[in-house]
Amino acid sequence: MSLLSKMYESWSWIRKEILSQVSGKVAFVLLIALIVVSVYAAILMPPDYAKYWDVGSKWVDNPYNAPPEWASYLGYVCVPQTFYDLRTVKPGVSEVSGRVVFTYNITYDLSARDYPQGLRIRANIVVPQGVRNARIRVDIIKPDGARLPAIIDTYVDLTNTSLIDLNLDKPEGIVTAVMSAYRDLVKFLSVEEISIFPMKYIFGNLSYSETLKKVETTPLPGRYMFVIDFSFRVFNVQPQEILRAVEKSKEFSLLIKGTCYGLMGTDYKGRDLAEGLFYGFPIALAIGLLVALASTAIGVVAGLVSGYYGGFIDELIQRTVDVMGSIPLLPILILIAQSIAKTYTGEDKPIVMLTAIFAVLIAFSWGGLAIIIRSMTLSIKSELYVEAAKAVGASNLRIISKHILPQIVPYIAASLVYSTPNAILTEAGLSVLGIRHGYPTWGNILSEARQNGTISQWWWILPPGFLIAIVSLTFVLLGLALEKVVEPKLRR
Amino acid sequence: MFVWVCLVGVATVLARRAVFLALALLIAVFLTGFILGATGYIDTIINSIINEEVRAYRQALTSSPQKPPAEEIEKLVAQRRQELIAYWGMDKPWQARIIPMVINTFILNLGRSPSPEVTNVAGLQPNSLVSDVIAACLPRTIFMITLAEAITILIALAVGPFIVYRIGSFIDRFIVAYAALMNAFPIWWVALVMLLVFSYDLGVAPKQFRPVVTYINALLLGDLNALIGVLNYVWLPIVTIVIVLSGPWIYGVRAMLIRIVKEDFVTAAIARGLPEKQILRRYIIRPAASPIVTNVLLGLAGTLGGYIITESVFDWPGMGTLYYAAVTSGDAQTILALTYIFTLVYVIARFILEVLYIILDPRVRL
């Protein structure tokens, strides 16, 4: 109890000292914010997030390489993501010889001078018994009056499945639709060009360029009309029953993919960067704190043992620290991480790699603290009150815990604070080099930006770096405030 | 007589240090060899080389005009595989392959680099001597990283003494804040941002840095006109490093000087009314010399290994990029040689410091 209360006394003194300084106050606020966000993210994080982030089919609806939505204020041309819930739209219903036809007329206003990235119809409808299949056909009427007939016209068998998932950027339908809509341009239109950028021909103004000898497209803002026909092949089913099934369905939607997305934009797979960055918080903090705690603990024990007991063990620890200090850390770390990345094939590879990185970081970062603690212990050990305690028969443990530990608390705190950002920066640096363990850390997002993006995609490169910097700044500021506790000479 | 006793004492201290530094060198290189062998990384690489050669051999046999019968081919291929396994020493445990390599590294018999990625960084033919590869890359790192660090140190040494009398002033607070900020930003990320701004947005800096090799080679041959070409490439990385490192460096020098400014003998000197310049030179710089020299020397020695991540961001063909290329392509020969040299430079710097302490600090000398 007395050890705890002494430690607490020491700690509350440190806290008072830290909070009396501007850098300490800023650091304190930042630290609390970091912890709150990290805990919140850790609670929300789905299990198996690494896999989900890497292969998740969740991202297919997002535009890829899209800047954030607010980029439009910076002069980016932004087509927003537009989503129509067709369950809430009343279709025109008609019946023709064994088929029930639902016709949806959707108007879409394109205001930005750019092309949307894609079109998608998705449905999950449990149809009544007796509905055999659905023929889905989409026509688009463009602002210039041209009607693109049947950019898609396909049958979906509904006897076994309730799922419909249609990408409307399939070139085949679009090529014939464009060819038939612009008869005057037919001989200049190139099938290949349409197949590469079908969206340009759906949402563009087509004109023949004399100089280039081909059809050119420019974005065509205005009101578009999507005419979507759902024609169900039915056997003894009333249209009302199907309509009810549609209204009760889990999903029935038309999505027009924009060119900007969310708060932080997306990467080359369409992954929402805001989400990745958010879940990066607990991982970054865990990496930093784990390494800091472990290396500090080892440093304290090694320093105490070295200083208090002396002799052979002291010599051994000091020489170990000496030798470790001369071995270059980063090259060894890169080598170990890369060796494991190339040779280990087990399922738990991310864990194994992270553990190895942790182990190396910890092994190389306890030395400095051990030397400081040793010299502190040596000087405290020779104080008179320690001699007196010994004379009345106090045990070693009692002397260490009552007289030595409370005095070295500031150094322990400083060491924790200094080694945390180091670990975070080193882990991020390894990822940036391309040695990836698989977790969606900030460094990992940056490294993907370097490998799969272009450097001009600022929304992909700046935020992870800023977050890394904010976390390390928190600890740097805390260290700055602590430095004056540890080193009274730095006080004014 | 007294002088002799002192000299013997100094020599023993230095010899002891030398032994431990040599031990560190030994351990660093053996540890590298151990990692390469024990993780099986080396074997993975050698196996893929053998498989590739066997495949090429089979290809050559089946496409030759006098194609031997199928079972003959199988026999020849199997025989070739056995030869290759014996040649690479894959029939023995990994220790038998690694230990001779480590020992050869120690006697500076660095061998040849089998990896085209590594020789490509140096701009040499495949299978070049590792010593040639390192000799090609070292000047490029010196022209960028070491130069940048030297500029940073000069700035810190000029600014540090200036602000040490103005502790708490606006400029002092600014510098402390700047140092804290720059401590938080990784250099390689600032490098990415600098590339984004200067190379891609403004277009005033190059996007590819490999071509600098031509200019540096010309400069090394004595063509001073190539200096402009080198500067054209080198300015952005140097500015980046100086911006980031000058914060912590100035802060470090400031902290070392403050510790001395608060000493009683400085207070006494100020009380005696000595001129500021004289106090600085005689009472502050002199005692601060040994920690400052330590940092300068170790900092400069550290740059010779290149900043691996920063060089890789700029794709700068120096020692850091070389090391990374060696690691990714599993080129054990080059990895061992570079680890050896990185550690050797550091260890030599530490030893020079031991000697300098004796010269700088009269207390140690006695």
# chains A, B, ... in the order shown; residues from 1 in each chain; ligands from 1

call {"tool": "residues_around", "arguments": {"residues": "Arg58 in chain B", "least_positions_apart": "6", "cutoff": "12 Å", "atoms": "only C-alpha atoms", "output": "list in words"}}
result
Asn51, Glu52, Ser64, Lys67, Pro68, Ala70, Glu72, Ile73, Glu74, Lys75, Leu76, Val77, Ala78, Gln79, Arg80 and Arg81 of chain B

call {"tool": "write_last_selection", "arguments": {"atoms": "N, CA, C and O atoms", "output": "compact mmCIF listing (two decimals), in the first residue's frame"}}
result
# COMPACT_ATOMS: atom_id res chain seq x y z
N ASN B 51 15.70 -23.72 -59.30
CA ASN B 51 14.53 -24.09 -60.11
C ASN B 51 14.55 -23.40 -61.46
O ASN B 51 14.26 -24.00 -62.49
N GLU B 52 14.91 -22.12 -61.43
CA GLU B 52 14.95 -21.34 -62.67
C GLU B 52 16.00 -21.91 -63.62
O GLU B 52 15.74 -22.11 -64.82
N SER B 64 16.36 -28.29 -78.44
CA SER B 64 17.56 -28.47 -79.26
C SER B 64 17.22 -29.36 -80.47
O SER B 64 16.30 -30.18 -80.40
N LYS B 67 16.99 -33.61 -80.30
CA LYS B 67 16.31 -33.74 -79.01
C LYS B 67 16.48 -35.17 -78.48
O LYS B 67 16.10 -36.14 -79.14
N PRO B 68 17.07 -35.30 -77.28
CA PRO B 68 17.22 -36.66 -76.72
C PRO B 68 15.86 -37.22 -76.32
O PRO B 68 14.91 -36.45 -76.14
N ALA B 70 12.76 -38.81 -74.08
CA ALA B 70 12.17 -38.21 -72.87
C ALA B 70 12.87 -38.65 -71.59
O ALA B 70 13.20 -37.83 -70.74
N GLU B 72 15.82 -39.77 -71.21
CA GLU B 72 17.17 -39.20 -71.21
C GLU B 72 17.15 -37.77 -70.67
O GLU B 72 17.97 -37.40 -69.83
N ILE B 73 16.14 -37.00 -71.11
CA ILE B 73 16.00 -35.61 -70.63
C ILE B 73 15.82 -35.61 -69.13
O ILE B 73 16.50 -34.87 -68.40
N GLU B 74 14.89 -36.45 -68.64
CA GLU B 74 14.63 -36.50 -67.21
C GLU B 74 15.92 -36.78 -66.43
O GLU B 74 16.19 -36.15 -65.41
N LYS B 75 16.71 -37.72 -66.98
CA LYS B 75 17.94 -38.10 -66.30
C LYS B 75 18.91 -36.92 -66.24
O LYS B 75 19.49 -36.58 -65.20
N LEU B 76 19.06 -36.26 -67.43
CA LEU B 76 19.99 -35.12 -67.52
C LEU B 76 19.56 -33.98 -66.58
O LEU B 76 20.38 -33.37 -65.90
N VAL B 77 18.23 -33.74 -66.58
CA VAL B 77 17.72 -32.65 -65.74
C VAL B 77 17.98 -32.95 -64.27
O VAL B 77 18.45 -32.09 -63.51
N ALA B 78 17.69 -34.21 -63.88
CA ALA B 78 17.90 -34.59 -62.48
C ALA B 78 19.38 -34.45 -62.11
O ALA B 78 19.73 -33.98 -61.02
N GLN B 79 20.24 -34.83 -63.07
CA GLN B 79 21.68 -34.73 -62.83
C GLN B 79 22.11 -33.28 -62.65
O GLN B 79 22.85 -32.94 -61.74
N ARG B 80 21.53 -32.42 -63.52
CA ARG B 80 21.84 -30.98 -63.47
C ARG B 80 21.40 -30.41 -62.12
O ARG B 80 22.11 -29.63 -61.50
N ARG B 81 20.21 -30.83 -61.68
CA ARG B 81 19.70 -30.36 -60.39
C ARG B 81 20.65 -30.74 -59.27
O ARG B 81 20.97 -29.91 -58.40

call {"tool": "interface_residues", "arguments": {"of": "chain A", "to": "chain B", "cutoff": "7 Å", "atoms": "only C-alpha atoms", "output": "NGL selection string"}}
result
:A and (323 or 326-328 or 332 or 335-336 or 338-340 or 342-343 or 425 or 429 or 433 or 455-456 or 465 or 469 or 472-473 or 476-477 or 489-490)

call {"tool": "residues_around", "arguments": {"residues": "Ala423 in chain A", "least_positions_apart": "2", "cutoff": "10 Å", "atoms": "only C-alpha atoms", "output": "PyMOL selection string"}}
result
chain A and resi 284-292+357-358+361-362+365+418-421+425-429+472

call {"tool": "residues_around", "arguments": {"residues": "range 238-243 of chain A", "least_positions_apart": "6", "cutoff": "9 Å", "atoms": "only C-alpha atoms", "output": "ChimeraX atom specification"}}
result
/A:91,93-95,100-102,127-128,131,232

call {"tool": "residues_around", "arguments": {"residues": "Val79 in chain A", "least_positions_apart": "6", "cutoff": "10 Å", "atoms": "only C-alpha atoms", "output": "list of chain:residue names"}}
result
A:Glu69, A:Ser72, A:Leu110, A:Ser111, A:Ala112, A:Arg113, A:Asp114, A:Tyr115, A:Pro116, A:Gln117, A:Ile256, A:Lys257, A:Gly258, A:Thr259, A:Cys260, A:Tyr261

call {"tool": "write_last_selection", "arguments": {"atoms": "all heavy atoms", "output": "short mmCIF file (atom, residue, chain, number, x, y, z; two decimals), in the first residue's frame"}}
result
data_model
loop_
_atom_site.label_atom_id
_atom_site.label_comp_id
_atom_site.auth_asym_id
_atom_site.auth_seq_id
_atom_site.Cartn_x
_atom_site.Cartn_y
_atom_site.Cartn_z
N GLU A 69 -15.56 14.41 -50.84
CA GLU A 69 -16.61 15.27 -51.40
C GLU A 69 -16.31 16.75 -51.26
O GLU A 69 -16.63 17.54 -52.14
CB GLU A 69 -17.96 14.94 -50.75
CG GLU A 69 -18.68 13.84 -51.50
CD GLU A 69 -19.79 13.21 -50.69
OE1 GLU A 69 -20.14 13.74 -49.62
OE2 GLU A 69 -20.29 12.14 -51.11
N SER A 72 -14.67 19.50 -53.83
CA SER A 72 -15.29 20.39 -54.81
C SER A 72 -15.04 21.85 -54.45
O SER A 72 -14.99 22.71 -55.31
CB SER A 72 -16.78 20.11 -54.90
OG SER A 72 -17.36 20.25 -53.63
N LEU A 110 -27.50 15.65 -63.71
CA LEU A 110 -26.03 15.71 -63.64
C LEU A 110 -25.66 17.18 -63.72
O LEU A 110 -25.92 17.84 -64.73
CB LEU A 110 -25.43 14.93 -64.81
CG LEU A 110 -23.91 14.92 -64.90
CD1 LEU A 110 -23.32 14.23 -63.69
CD2 LEU A 110 -23.45 14.23 -66.17
N SER A 111 -25.10 17.71 -62.66
CA SER A 111 -24.79 19.14 -62.68
C SER A 111 -23.30 19.40 -62.89
O SER A 111 -22.91 20.44 -63.40
CB SER A 111 -25.28 19.80 -61.39
OG SER A 111 -24.82 19.05 -60.30
N ALA A 112 -22.45 18.43 -62.49
CA ALA A 112 -21.00 18.66 -62.62
C ALA A 112 -20.55 18.33 -64.05
O ALA A 112 -21.17 17.52 -64.73
CB ALA A 112 -20.27 17.78 -61.64
N ARG A 113 -19.50 18.97 -64.48
CA ARG A 113 -18.98 18.70 -65.82
C ARG A 113 -17.99 17.54 -65.77
O ARG A 113 -16.80 17.71 -65.99
CB ARG A 113 -18.30 19.94 -66.40
CG ARG A 113 -19.22 21.15 -66.51
CD ARG A 113 -18.65 22.18 -67.43
NE ARG A 113 -18.63 21.70 -68.82
CZ ARG A 113 -19.67 21.82 -69.64
NH1 ARG A 113 -20.80 22.35 -69.25
NH2 ARG A 113 -19.55 21.37 -70.88
N ASP A 114 -18.50 16.37 -65.44
CA ASP A 114 -17.66 15.17 -65.42
C ASP A 114 -18.58 13.96 -65.61
O ASP A 114 -19.79 14.08 -65.55
CB ASP A 114 -16.90 15.06 -64.10
CG ASP A 114 -15.68 14.15 -64.24
OD1 ASP A 114 -15.48 13.58 -65.33
OD2 ASP A 114 -14.94 14.00 -63.25
N TYR A 115 -17.95 12.79 -65.85
CA TYR A 115 -18.74 11.60 -66.07
C TYR A 115 -18.83 10.80 -64.77
O TYR A 115 -17.81 10.61 -64.10
CB TYR A 115 -18.07 10.71 -67.11
CG TYR A 115 -17.62 11.43 -68.34
CD1 TYR A 115 -16.29 11.80 -68.49
CD2 TYR A 115 -18.53 11.75 -69.35
CE1 TYR A 115 -15.86 12.47 -69.62
CE2 TYR A 115 -18.10 12.41 -70.49
CZ TYR A 115 -16.77 12.77 -70.63
OH TYR A 115 -16.35 13.43 -71.73
N PRO A 116 -20.02 10.30 -64.42
CA PRO A 116 -20.09 9.36 -63.29
C PRO A 116 -19.24 8.13 -63.59
O PRO A 116 -18.95 7.84 -64.74
CB PRO A 116 -21.58 8.99 -63.23
CG PRO A 116 -22.28 10.11 -63.90
CD PRO A 116 -21.34 10.61 -64.95
N GLN A 117 -18.82 7.43 -62.50
CA GLN A 117 -17.90 6.30 -62.71
C GLN A 117 -18.59 4.98 -63.05
O GLN A 117 -17.95 4.07 -63.56
CB GLN A 117 -17.04 6.09 -61.47
CG GLN A 117 -15.68 6.71 -61.57
CD GLN A 117 -14.82 6.30 -60.40
OE1 GLN A 117 -15.07 5.32 -59.71
NE2 GLN A 117 -13.76 7.05 -60.17
N ILE A 256 -25.82 5.43 -59.00
CA ILE A 256 -24.98 6.10 -59.99
C ILE A 256 -23.71 6.51 -59.27
O ILE A 256 -23.72 7.38 -58.39
CB ILE A 256 -25.70 7.31 -60.60
CG1 ILE A 256 -26.96 6.81 -61.32
CG2 ILE A 256 -24.80 8.04 -61.59
CD1 ILE A 256 -27.93 7.89 -61.66
N LYS A 257 -22.60 5.82 -59.59
CA LYS A 257 -21.33 6.06 -58.89
C LYS A 257 -20.78 7.43 -59.25
O LYS A 257 -20.68 7.76 -60.43
CB LYS A 257 -20.30 5.02 -59.33
CG LYS A 257 -20.34 3.75 -58.56
CD LYS A 257 -19.10 2.97 -58.88
CE LYS A 257 -19.35 1.48 -58.76
NZ LYS A 257 -18.18 0.71 -59.15
N GLY A 258 -20.42 8.18 -58.22
CA GLY A 258 -19.89 9.52 -58.48
C GLY A 258 -18.39 9.48 -58.73
O GLY A 258 -17.81 8.44 -59.03
N THR A 259 -17.78 10.63 -58.60
CA THR A 259 -16.32 10.71 -58.74
C THR A 259 -15.69 11.20 -57.45
O THR A 259 -14.48 11.35 -57.36
CB THR A 259 -15.92 11.64 -59.87
OG1 THR A 259 -16.48 12.93 -59.60
CG2 THR A 259 -16.41 11.15 -61.20
N CYS A 260 -16.51 11.53 -56.44
CA CYS A 260 -16.00 11.95 -55.15
C CYS A 260 -16.69 11.08 -54.11
O CYS A 260 -17.78 10.59 -54.36
CB CYS A 260 -16.35 13.41 -54.85
SG CYS A 260 -15.46 14.55 -55.89
N TYR A 261 -16.02 10.90 -52.97
CA TYR A 261 -16.66 10.03 -52.00
C TYR A 261 -16.33 10.42 -50.57
O TYR A 261 -15.16 10.57 -50.21
CB TYR A 261 -16.25 8.58 -52.23
CG TYR A 261 -16.99 7.61 -51.36
CD1 TYR A 261 -18.22 7.11 -51.77
CD2 TYR A 261 -16.49 7.23 -50.13
CE1 TYR A 261 -18.92 6.23 -50.97
CE2 TYR A 261 -17.19 6.36 -49.32
CZ TYR A 261 -18.42 5.86 -49.75
OH TYR A 261 -19.11 5.01 -48.95
#

call {"tool": "residues_around", "arguments": {"residues": "range 262-275 of chain A", "least_positions_apart": "3", "cutoff": "7 Å", "atoms": "only C-alpha atoms", "output": "MDAnalysis selection string"}}
result
chainID A and resid 59:60 62:69 278:279 452:453 459:460

call {"tool": "write_last_selection", "arguments": {"atoms": "N, CA, C and O atoms", "output": "mmCIF file, in the first residue's frame"}}
result
data_model
loop_
_atom_site.group_PDB
_atom_site.id
_atom_site.type_symbol
_atom_site.label_atom_id
_atom_site.label_comp_id
_atom_site.auth_asym_id
_atom_site.auth_seq_id
_atom_site.Cartn_x
_atom_site.Cartn_y
_atom_site.Cartn_z
ATOM 1 N N TRP A 59 -16.748 -2.889 -50.988
ATOM 2 C CA TRP A 59 -16.280 -1.645 -51.615
ATOM 3 C C TRP A 59 -16.742 -1.482 -53.052
ATOM 4 O O TRP A 59 -16.468 -0.471 -53.667
ATOM 5 N N VAL A 60 -17.421 -2.518 -53.615
ATOM 6 C CA VAL A 60 -17.725 -2.462 -55.049
ATOM 7 C C VAL A 60 -18.612 -1.283 -55.423
ATOM 8 O O VAL A 60 -18.603 -0.838 -56.568
ATOM 9 N N ASN A 62 -18.392 1.706 -54.267
ATOM 10 C CA ASN A 62 -17.715 2.995 -54.157
ATOM 11 C C ASN A 62 -16.944 3.318 -55.424
ATOM 12 O O ASN A 62 -16.424 2.431 -56.078
ATOM 13 N N PRO A 63 -16.846 4.597 -55.754
ATOM 14 C CA PRO A 63 -15.948 4.963 -56.849
ATOM 15 C C PRO A 63 -14.515 4.731 -56.397
ATOM 16 O O PRO A 63 -14.234 4.756 -55.204
ATOM 17 N N TYR A 64 -13.626 4.442 -57.313
ATOM 18 C CA TYR A 64 -12.238 4.244 -56.927
ATOM 19 C C TYR A 64 -11.426 5.498 -57.220
ATOM 20 O O TYR A 64 -11.814 6.316 -58.056
ATOM 21 N N ASN A 65 -10.307 5.630 -56.530
ATOM 22 C CA ASN A 65 -9.425 6.803 -56.667
ATOM 23 C C ASN A 65 -10.195 8.118 -56.595
ATOM 24 O O ASN A 65 -9.910 9.047 -57.343
ATOM 25 N N ALA A 66 -11.213 8.160 -55.726
ATOM 26 C CA ALA A 66 -12.061 9.345 -55.676
ATOM 27 C C ALA A 66 -11.615 10.285 -54.563
ATOM 28 O O ALA A 66 -11.390 9.840 -53.445
ATOM 29 N N PRO A 67 -11.486 11.571 -54.857
ATOM 30 C CA PRO A 67 -11.174 12.518 -53.781
ATOM 31 C C PRO A 67 -12.387 12.691 -52.872
ATOM 32 O O PRO A 67 -13.490 12.289 -53.234
ATOM 33 N N PRO A 68 -12.191 13.265 -51.684
ATOM 34 C CA PRO A 68 -13.332 13.463 -50.785
ATOM 35 C C PRO A 68 -14.329 14.458 -51.377
ATOM 36 O O PRO A 68 -14.001 15.221 -52.278
ATOM 37 N N GLU A 69 -15.565 14.412 -50.835
ATOM 38 C CA GLU A 69 -16.614 15.268 -51.403
ATOM 39 C C GLU A 69 -16.307 16.746 -51.263
ATOM 40 O O GLU A 69 -16.633 17.536 -52.138
ATOM 41 N N PHE A 278 -9.819 5.545 -39.506
ATOM 42 C CA PHE A 278 -10.466 5.480 -38.197
ATOM 43 C C PHE A 278 -10.025 4.223 -37.446
ATOM 44 O O PHE A 278 -9.629 4.271 -36.286
ATOM 45 N N TYR A 279 -10.060 3.077 -38.140
ATOM 46 C CA TYR A 279 -9.663 1.836 -37.471
ATOM 47 C C TYR A 279 -8.157 1.744 -37.284
ATOM 48 O O TYR A 279 -7.668 0.867 -36.584
ATOM 49 N N ASN A 452 0.147 1.667 -55.594
ATOM 50 C CA ASN A 452 -0.965 1.541 -56.529
ATOM 51 C C ASN A 452 -1.589 2.866 -56.924
ATOM 52 O O ASN A 452 -2.532 2.894 -57.694
ATOM 53 N N GLY A 453 -1.103 3.936 -56.372
ATOM 54 C CA GLY A 453 -1.682 5.223 -56.712
ATOM 55 C C GLY A 453 -0.650 6.089 -57.391
ATOM 56 O O GLY A 453 0.463 5.659 -57.666
ATOM 57 N N TRP A 459 -5.337 13.161 -51.229
ATOM 58 C CA TRP A 459 -6.245 12.714 -50.164
ATOM 59 C C TRP A 459 -5.866 11.338 -49.648
ATOM 60 O O TRP A 459 -6.321 10.897 -48.627
ATOM 61 N N TRP A 460 -4.997 10.658 -50.396
ATOM 62 C CA TRP A 460 -4.584 9.318 -50.018
ATOM 63 C C TRP A 460 -3.241 9.371 -49.287
ATOM 64 O O TRP A 460 -2.900 8.485 -48.520
#

call {"tool": "closest_residue", "arguments": {"among": "B:Ile348, B:Ile99, B:Phe314, B:Leu108", "to": "Thr240 in chain B", "atoms": "only C-alpha atoms"}}
result
B:Phe314

call {"tool": "residues_around", "arguments": {"residues": "range 117-128 of chain B", "least_positions_apart": "3", "cutoff": "12 Å", "atoms": "only C-alpha atoms", "output": "number ranges by chain"}}
result
B: 110-114, 131-141, 209-214, 217, 311-312, 315-335, 338

call {"tool": "write_last_selection", "arguments": {"atoms": "C-alpha atoms", "output": "PDB file, in the first residue's frame"}}
result
ATOM      1  CA  LEU B 110      32.937  -9.446 -50.355  1.00  0.00           C
ATOM      2  CA  GLY B 111      32.384 -11.542 -53.452  1.00  0.00           C
ATOM      3  CA  ARG B 112      29.956 -10.857 -56.277  1.00  0.00           C
ATOM      4  CA  SER B 113      26.316  -9.864 -56.195  1.00  0.00           C
ATOM      5  CA  PRO B 114      24.095 -12.405 -57.952  1.00  0.00           C
ATOM      6  CA  SER B 131      32.847  -3.776 -53.409  1.00  0.00           C
ATOM      7  CA  ASP B 132      32.323  -2.019 -56.771  1.00  0.00           C
ATOM      8  CA  VAL B 133      28.604  -1.769 -56.138  1.00  0.00           C
ATOM      9  CA  ILE B 134      29.184  -0.149 -52.745  1.00  0.00           C
ATOM     10  CA  ALA B 135      31.856   2.156 -54.131  1.00  0.00           C
ATOM     11  CA  ALA B 136      29.369   3.316 -56.761  1.00  0.00           C
ATOM     12  CA  CYS B 137      26.568   4.020 -54.276  1.00  0.00           C
ATOM     13  CA  LEU B 138      28.496   5.587 -51.411  1.00  0.00           C
ATOM     14  CA  PRO B 139      29.266   8.942 -53.125  1.00  0.00           C
ATOM     15  CA  ARG B 140      25.586   9.382 -53.997  1.00  0.00           C
ATOM     16  CA  THR B 141      24.604   9.009 -50.351  1.00  0.00           C
ATOM     17  CA  PHE B 209      16.065  10.903 -59.285  1.00  0.00           C
ATOM     18  CA  ARG B 210      17.972   7.972 -60.778  1.00  0.00           C
ATOM     19  CA  PRO B 211      19.440  10.087 -63.639  1.00  0.00           C
ATOM     20  CA  VAL B 212      21.531  11.951 -61.051  1.00  0.00           C
ATOM     21  CA  VAL B 213      23.998   9.075 -61.417  1.00  0.00           C
ATOM     22  CA  THR B 214      25.353  10.436 -64.717  1.00  0.00           C
ATOM     23  CA  ASN B 217      29.872  10.149 -62.064  1.00  0.00           C
ATOM     24  CA  GLU B 311      16.145   7.240 -50.122  1.00  0.00           C
ATOM     25  CA  SER B 312      13.545   4.720 -51.174  1.00  0.00           C
ATOM     26  CA  ASP B 315      14.257   6.458 -55.400  1.00  0.00           C
ATOM     27  CA  TRP B 316      17.720   7.865 -54.767  1.00  0.00           C
ATOM     28  CA  PRO B 317      20.311   5.263 -55.855  1.00  0.00           C
ATOM     29  CA  GLY B 318      22.416   5.426 -52.672  1.00  0.00           C
ATOM     30  CA  MET B 319      23.365   3.082 -49.847  1.00  0.00           C
ATOM     31  CA  GLY B 320      19.858   2.927 -48.350  1.00  0.00           C
ATOM     32  CA  THR B 321      18.192   1.959 -51.621  1.00  0.00           C
ATOM     33  CA  LEU B 322      21.011  -0.502 -52.209  1.00  0.00           C
ATOM     34  CA  TYR B 323      20.420  -2.164 -48.854  1.00  0.00           C
ATOM     35  CA  TYR B 324      16.703  -2.383 -49.472  1.00  0.00           C
ATOM     36  CA  ALA B 325      17.251  -3.856 -52.942  1.00  0.00           C
ATOM     37  CA  ALA B 326      19.611  -6.414 -51.414  1.00  0.00           C
ATOM     38  CA  VAL B 327      17.048  -7.352 -48.754  1.00  0.00           C
ATOM     39  CA  THR B 328      14.107  -7.683 -51.143  1.00  0.00           C
ATOM     40  CA  SER B 329      16.094  -9.754 -53.622  1.00  0.00           C
ATOM     41  CA  GLY B 330      17.680 -11.863 -50.884  1.00  0.00           C
ATOM     42  CA  ASP B 331      21.249 -11.056 -51.906  1.00  0.00           C
ATOM     43  CA  ALA B 332      23.058 -12.384 -48.818  1.00  0.00           C
ATOM     44  CA  GLN B 333      26.494 -11.316 -50.010  1.00  0.00           C
ATOM     45  CA  THR B 334      25.493  -7.638 -50.292  1.00  0.00           C
ATOM     46  CA  ILE B 335      23.346  -7.685 -47.129  1.00  0.00           C
ATOM     47  CA  LEU B 338      26.476  -3.581 -46.023  1.00  0.00           C
TER      48      LEU B 338
END
